[in-house]
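Data block below; observations after.
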Amino acid sequence: MDGVIIALNNVSKNFGRRIILEHINLIIKKGESIALLGHNGSGKSTLLRMICGLTNMTSGNIEYTARLKFNYVPEHFPKIDLTAREFIGYMGLIEGMPEKMVNDRSRELFHEFFMDEMMDVPIKHLSKGTIQKVAVIQALLQTPDVLLLDEPLSGQDSQSQMAFINLSKELTNQGVTVVMSCHERYLVKQLSHTAYEIIDKNLMPVNLTGLKEIDYDFMVFDANRDKNIDSSIMAGIEQLNDFENRLELIVRKNMSDEVLKQMLKDDFKLRSMGAKEE
Amino acid sequence: MKNLLRYHIKVYFKSNKLLLPFLIYLIYLCTAYSIMPYSIVSSFSESAWVLFFVMTYVGFSYTEMENPVTEQLVLLKVNNDNLYYMSRITVLLIVGVIMSVMGMLYPVIFNVINHSQLFTRSLMLSDIIFGLFLHCTMGFLGIMTGSLFHPRIIKNRKIAILMVFLVAVLAVAKGSLIKELPLVRLVSWVFPPVYDILVTFTNRDFFGLQMMVMPILGGIIYGTVLMLAQIHFLKKNKF
């Protein structure tokens, strides 16, 4: 088929007796942007790692039309002792980039992700969202053939999410294939051409036009460490970003009133709100 | 490879994981050489098997320190699994050589300070060379033994700790065990040939090339087999 670079044929994965993925068939074309949806533990990360060969499959096969360069953004980047600058620097050098290019490119990316002030802080001392930015930056140092992203936007503030979305679009325009797992459904249509959902160990196509019909509101509250969000409104919250001194909520528009009322009733102080921009 | 090594070394040294085994070996050297005079061959042999234990710990703790997420990222950047695993082993080998040099330098310097009274006879260049070879071989065996019990090879870490301890002890004690239970000989070859190397030097006053070649060669071959097995299992048991 035209432009196909990876083909997964009847791929299955078991961990011990537990079946994670069963008979997965997926065609990935050059320059395509694919989103993988599914609940936690559904096998999205495993599938991503199988695509780049970091996880062995139990059965089936994966065909590659050429030797591809993969870059990967893991969901949880660890708290390591190296500083962001050191880690990114080594990753660039290991990738084979000349030192000057590594320095220039990393400085550019640190700036783009609002990390200029944090380059020399050990990664273990950075916040969750900033650590995730380091994970993204290491993958964007050099243009890969395929970029695999495991929940790249979780825990990041809206500005960084937008910076990432723009970079990701730029990459797909350059012909980079992007495959990502993502639970922010409202972002899927901005990031991907095609989406699949893992349901009962199988891959099901998702109608992206259906996703477009959902509108979202954006609410920011002061963080209140002594209070938990009421479970009755969790269904309406698409995404929750817990930053040091504020809580950002992305809420389904049809549930906004209910969520807002409950949050105010629970003594959370509203700082700002509005319609979620796309 | 150069950048990969620089990265591993930076991560390793920042973790401070090497400090404890380094201090343990240093304390051992200080204690062992506090008694004079001492036979050169037996003191170097003893120091070498202590180094085997220390390096087994170093190899084991190094694999424990490895973060699976950064490991995946680096593996993709390198795009060559063999090169990646060899680079990690090389870091351990560098540590092994440094510790071996330390194990030889300490008695040499201490002997000079004590006006050549540390040993029962005068120390010769050949003693230092053979001693260094012996230490390096034991270090290599220790590294390969410890690092074989990688979290991706033995997932249950409690069992891994027990196994590595048992293997390290049996590597040294298998000789005494064979004397008590001769049938043990049938399976004793499975364990690192630490005893088999050390027994060559029992009641010897001098090291000799002829007597060292075969045991040292055996040790190197055994260590290389463990190394290849480790790489094979790591490639088989991915993330």
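Chain labels run A, B, ... following the order of the structure tokens; each chain numbers its residues from 1, and ligands are numbered from 1 in the order shown.
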
*Which of stretch 198-239 of chain A counts as alpha helix (DSSP H) under DSSP, as a count of residues only please?*
5

*chain A contacts to chain B at 7 Å (only C-alpha atoms) as a list in words*: Leu54, Thr55, Asn56, Phe70, Asn71, Tyr72, Phe77, Pro78, Asp81, Leu82, Tyr90, Leu93, Ile94 and Glu95 of chain A

Those same residues - C-alpha atoms - I'd like them written as a compact mmCIF listing (two decimals), in the first residue's frame.
# COMPACT_ATOMS: atom_id res chain seq x y z
CA LEU A 54 10.84 -2.02 23.09
CA THR A 55 8.33 -4.72 24.03
CA ASN A 56 8.28 -8.14 22.45
CA PHE A 70 11.83 6.11 16.54
CA ASN A 71 11.66 8.68 19.29
CA TYR A 72 9.50 8.02 22.31
CA PHE A 77 9.50 10.23 33.14
CA PRO A 78 11.53 9.32 36.24
CA ASP A 81 19.71 13.08 39.45
CA LEU A 82 20.86 14.70 36.18
CA TYR A 90 23.61 13.47 26.54
CA LEU A 93 25.10 13.34 21.70
CA ILE A 94 24.07 9.68 21.98
CA GLU A 95 21.73 10.25 19.05

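Atom CA of B:Gln117 sits 7.2 Å away from atom CA of B:Met36.
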
*asked:* So that I can see what lies close to B:Gly59, please list as a count of residues only the residues with an atom at most 6 Å from it, counting only C-alpha atoms and leaving out residues fewer than 2 positions away in the same chain.
replied: 8

_Length of the atom CA of A:Pro74 to atom CA of B:Ile89 vector [Å]_ = 25.1 Å

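Each of A:Asn40, A:Asn25, A:Thr46, A:Asn173 was checked against A:Leu148 using only C-alpha atoms; the smallest atom-to-atom distance is that of A:Thr46.
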
*Give the strand (DSSP E or B) residues of stretch 98-193 of chain A, as assigned by DSSP on the backbone, as a ChimeraX atom specification.*
/A:122,146-150,177-181

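Of the residues listed (B:Cys30, B:Val172, B:Leu141, B:Leu93), B:Cys30 shows the shortest atom-to-atom separation from B:Leu105; distances use only C-alpha atoms.
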
*Nearby residues (only C-alpha atoms) at most 10 Å from A:Thr58, same-chain spacing under 3 positions excluded, as a ChimeraX atom specification*: /A:11-15,19,21-22,55,61

Keeping only all heavy atoms, write those residues as a PDB file, in the first residue's frame.
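Writing done, so here's result.pdb:
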ATOM      1  N   VAL A  11      -1.189  -8.880  15.914  1.00  0.00           N
ATOM      2  CA  VAL A  11      -0.267  -8.792  17.054  1.00  0.00           C
ATOM      3  C   VAL A  11      -1.024  -9.001  18.369  1.00  0.00           C
ATOM      4  O   VAL A  11      -2.057  -8.368  18.605  1.00  0.00           O
ATOM      5  CB  VAL A  11       0.451  -7.417  17.044  1.00  0.00           C
ATOM      6  CG1 VAL A  11       1.204  -7.198  18.337  1.00  0.00           C
ATOM      7  CG2 VAL A  11       1.389  -7.323  15.851  1.00  0.00           C
ATOM      8  N   SER A  12      -0.504  -9.890  19.192  1.00  0.00           N
ATOM      9  CA  SER A  12      -1.086 -10.109  20.524  1.00  0.00           C
ATOM     10  C   SER A  12       0.001  -9.994  21.572  1.00  0.00           C
ATOM     11  O   SER A  12       1.180 -10.218  21.286  1.00  0.00           O
ATOM     12  CB  SER A  12      -1.689 -11.514  20.623  1.00  0.00           C
ATOM     13  OG  SER A  12      -2.701 -11.664  19.671  1.00  0.00           O
ATOM     14  N   LYS A  13      -0.412  -9.610  22.774  1.00  0.00           N
ATOM     15  CA  LYS A  13       0.558  -9.500  23.867  1.00  0.00           C
ATOM     16  C   LYS A  13      -0.058 -10.011  25.163  1.00  0.00           C
ATOM     17  O   LYS A  13      -1.138  -9.593  25.563  1.00  0.00           O
ATOM     18  CB  LYS A  13       0.988  -8.033  24.041  1.00  0.00           C
ATOM     19  CG  LYS A  13       1.939  -7.806  25.193  1.00  0.00           C
ATOM     20  CD  LYS A  13       3.306  -8.391  24.927  1.00  0.00           C
ATOM     21  CE  LYS A  13       4.211  -8.318  26.124  1.00  0.00           C
ATOM     22  NZ  LYS A  13       5.469  -9.015  25.925  1.00  0.00           N
ATOM     23  N   ASN A  14       0.637 -10.925  25.794  1.00  0.00           N
ATOM     24  CA  ASN A  14       0.223 -11.414  27.115  1.00  0.00           C
ATOM     25  C   ASN A  14       1.316 -11.069  28.105  1.00  0.00           C
ATOM     26  O   ASN A  14       2.501 -11.127  27.768  1.00  0.00           O
ATOM     27  CB  ASN A  14       0.100 -12.948  27.127  1.00  0.00           C
ATOM     28  CG  ASN A  14      -0.843 -13.473  26.071  1.00  0.00           C
ATOM     29  OD1 ASN A  14      -1.439 -12.707  25.327  1.00  0.00           O
ATOM     30  ND2 ASN A  14      -0.972 -14.780  26.019  1.00  0.00           N
ATOM     31  N   PHE A  15       0.918 -10.725  29.303  1.00  0.00           N
ATOM     32  CA  PHE A  15       1.869 -10.643  30.410  1.00  0.00           C
ATOM     33  C   PHE A  15       1.513 -11.794  31.335  1.00  0.00           C
ATOM     34  O   PHE A  15       0.510 -11.733  32.041  1.00  0.00           O
ATOM     35  CB  PHE A  15       1.770  -9.296  31.145  1.00  0.00           C
ATOM     36  CG  PHE A  15       2.434  -8.159  30.400  1.00  0.00           C
ATOM     37  CD1 PHE A  15       1.717  -7.048  29.989  1.00  0.00           C
ATOM     38  CD2 PHE A  15       3.787  -8.215  30.109  1.00  0.00           C
ATOM     39  CE1 PHE A  15       2.337  -6.015  29.305  1.00  0.00           C
ATOM     40  CE2 PHE A  15       4.412  -7.179  29.421  1.00  0.00           C
ATOM     41  CZ  PHE A  15       3.684  -6.078  29.016  1.00  0.00           C
ATOM     42  N   ILE A  19      -4.017 -11.517  29.161  1.00  0.00           N
ATOM     43  CA  ILE A  19      -3.979 -11.050  27.765  1.00  0.00           C
ATOM     44  C   ILE A  19      -4.194  -9.537  27.761  1.00  0.00           C
ATOM     45  O   ILE A  19      -5.179  -9.040  28.315  1.00  0.00           O
ATOM     46  CB  ILE A  19      -5.060 -11.745  26.908  1.00  0.00           C
ATOM     47  CG1 ILE A  19      -4.864 -13.267  26.962  1.00  0.00           C
ATOM     48  CG2 ILE A  19      -5.031 -11.252  25.474  1.00  0.00           C
ATOM     49  CD1 ILE A  19      -6.034 -14.054  26.416  1.00  0.00           C
ATOM     50  N   LEU A  21      -3.387  -7.452  24.733  1.00  0.00           N
ATOM     51  CA  LEU A  21      -3.843  -7.079  23.388  1.00  0.00           C
ATOM     52  C   LEU A  21      -4.033  -8.363  22.579  1.00  0.00           C
ATOM     53  O   LEU A  21      -3.256  -9.303  22.721  1.00  0.00           O
ATOM     54  CB  LEU A  21      -2.805  -6.184  22.707  1.00  0.00           C
ATOM     55  CG  LEU A  21      -2.552  -4.828  23.364  1.00  0.00           C
ATOM     56  CD1 LEU A  21      -1.272  -4.200  22.823  1.00  0.00           C
ATOM     57  CD2 LEU A  21      -3.722  -3.879  23.161  1.00  0.00           C
ATOM     58  N   GLU A  22      -5.062  -8.362  21.758  1.00  0.00           N
ATOM     59  CA  GLU A  22      -5.359  -9.588  21.016  1.00  0.00           C
ATOM     60  C   GLU A  22      -5.618  -9.278  19.546  1.00  0.00           C
ATOM     61  O   GLU A  22      -6.495  -8.471  19.221  1.00  0.00           O
ATOM     62  CB  GLU A  22      -6.599 -10.241  21.645  1.00  0.00           C
ATOM     63  CG  GLU A  22      -6.601 -11.739  21.536  1.00  0.00           C
ATOM     64  CD  GLU A  22      -7.678 -12.358  22.403  1.00  0.00           C
ATOM     65  OE1 GLU A  22      -8.594 -11.641  22.826  1.00  0.00           O
ATOM     66  OE2 GLU A  22      -7.592 -13.578  22.638  1.00  0.00           O
ATOM     67  N   THR A  55       9.033  -3.596  23.378  1.00  0.00           N
ATOM     68  CA  THR A  55       8.332  -4.716  24.026  1.00  0.00           C
ATOM     69  C   THR A  55       8.162  -5.808  22.979  1.00  0.00           C
ATOM     70  O   THR A  55       7.788  -5.512  21.835  1.00  0.00           O
ATOM     71  CB  THR A  55       6.950  -4.246  24.547  1.00  0.00           C
ATOM     72  OG1 THR A  55       7.159  -3.284  25.567  1.00  0.00           O
ATOM     73  CG2 THR A  55       6.132  -5.389  25.104  1.00  0.00           C
ATOM     74  N   ASN A  61       3.117 -10.378  13.922  1.00  0.00           N
ATOM     75  CA  ASN A  61       4.372  -9.763  13.481  1.00  0.00           C
ATOM     76  C   ASN A  61       4.173  -8.304  13.098  1.00  0.00           C
ATOM     77  O   ASN A  61       3.053  -7.863  12.825  1.00  0.00           O
ATOM     78  CB  ASN A  61       5.010 -10.571  12.334  1.00  0.00           C
ATOM     79  CG  ASN A  61       4.230 -10.433  11.053  1.00  0.00           C
ATOM     80  OD1 ASN A  61       4.280  -9.393  10.414  1.00  0.00           O
ATOM     81  ND2 ASN A  61       3.485 -11.466  10.688  1.00  0.00           N
TER      82      ASN A  61
END

*B:Asp205: which residues within 9 Å, counting only C-alpha atoms, same-chain residues fewer than 2 positions away excluded, as a count of residues only?*
9

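Computed from the coordinates, the atom CA of B:Gly175 to atom CA of B:Arg204 distance equals 17.7 Å.
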
*Contacts of A:Gln239 within 9 Å, only C-alpha atoms, excl. fewer than 2 positions in-chain, as a PyMOL selection string*: chain A and resi 154+183-184+237+241+248-251

Take the selection from the previous step and output its residues with C-alpha atoms, as a JSON list (two decimals), in the first residue's frame.
[["chain", "number", "residue", "atom", "x", "y", "z"],
["A", 154, "SER", "CA", -0.99, 14.93, 30.83],
["A", 183, "HIS", "CA", -6.91, 10.50, 27.12],
["A", 184, "GLU", "CA", -7.65, 14.17, 26.48],
["A", 237, "ILE", "CA", -14.18, 16.55, 34.12],
["A", 241, "ASN", "CA", -4.20, 19.40, 36.03],
["A", 248, "GLU", "CA", -7.02, 23.47, 36.08],
["A", 249, "LEU", "CA", -10.14, 21.65, 34.97],
["A", 250, "ILE", "CA", -11.27, 20.91, 31.43],
["A", 251, "VAL", "CA", -14.99, 20.29, 31.73]]

_For stretch 229-233 of chain B, find every residue with an atom within 9 Å (counting only C-alpha atoms), except residues of its own chain fewer than 3 positions away, and show them as a PyMOL selection string._
chain B and resi 81-82+85-86+144+147-150+152-153+224-226+236-238

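The residue that comes closest to A:Ile27, out of A:Asn10, A:Asn202, A:Asn228, A:Ser59 and on the basis of only C-alpha atoms, is A:Asn10.
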
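Minimum distance to A:Ala163 across A:Lys124, A:Pro205, A:Leu109, A:Lys189 (counting only C-alpha atoms) occurs at A:Leu109.
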
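Among the candidates A:Glu258, A:Asp215, A:Ser127, A:Gly60, the one nearest to A:Ser232 when counting only C-alpha atoms is A:Glu258.
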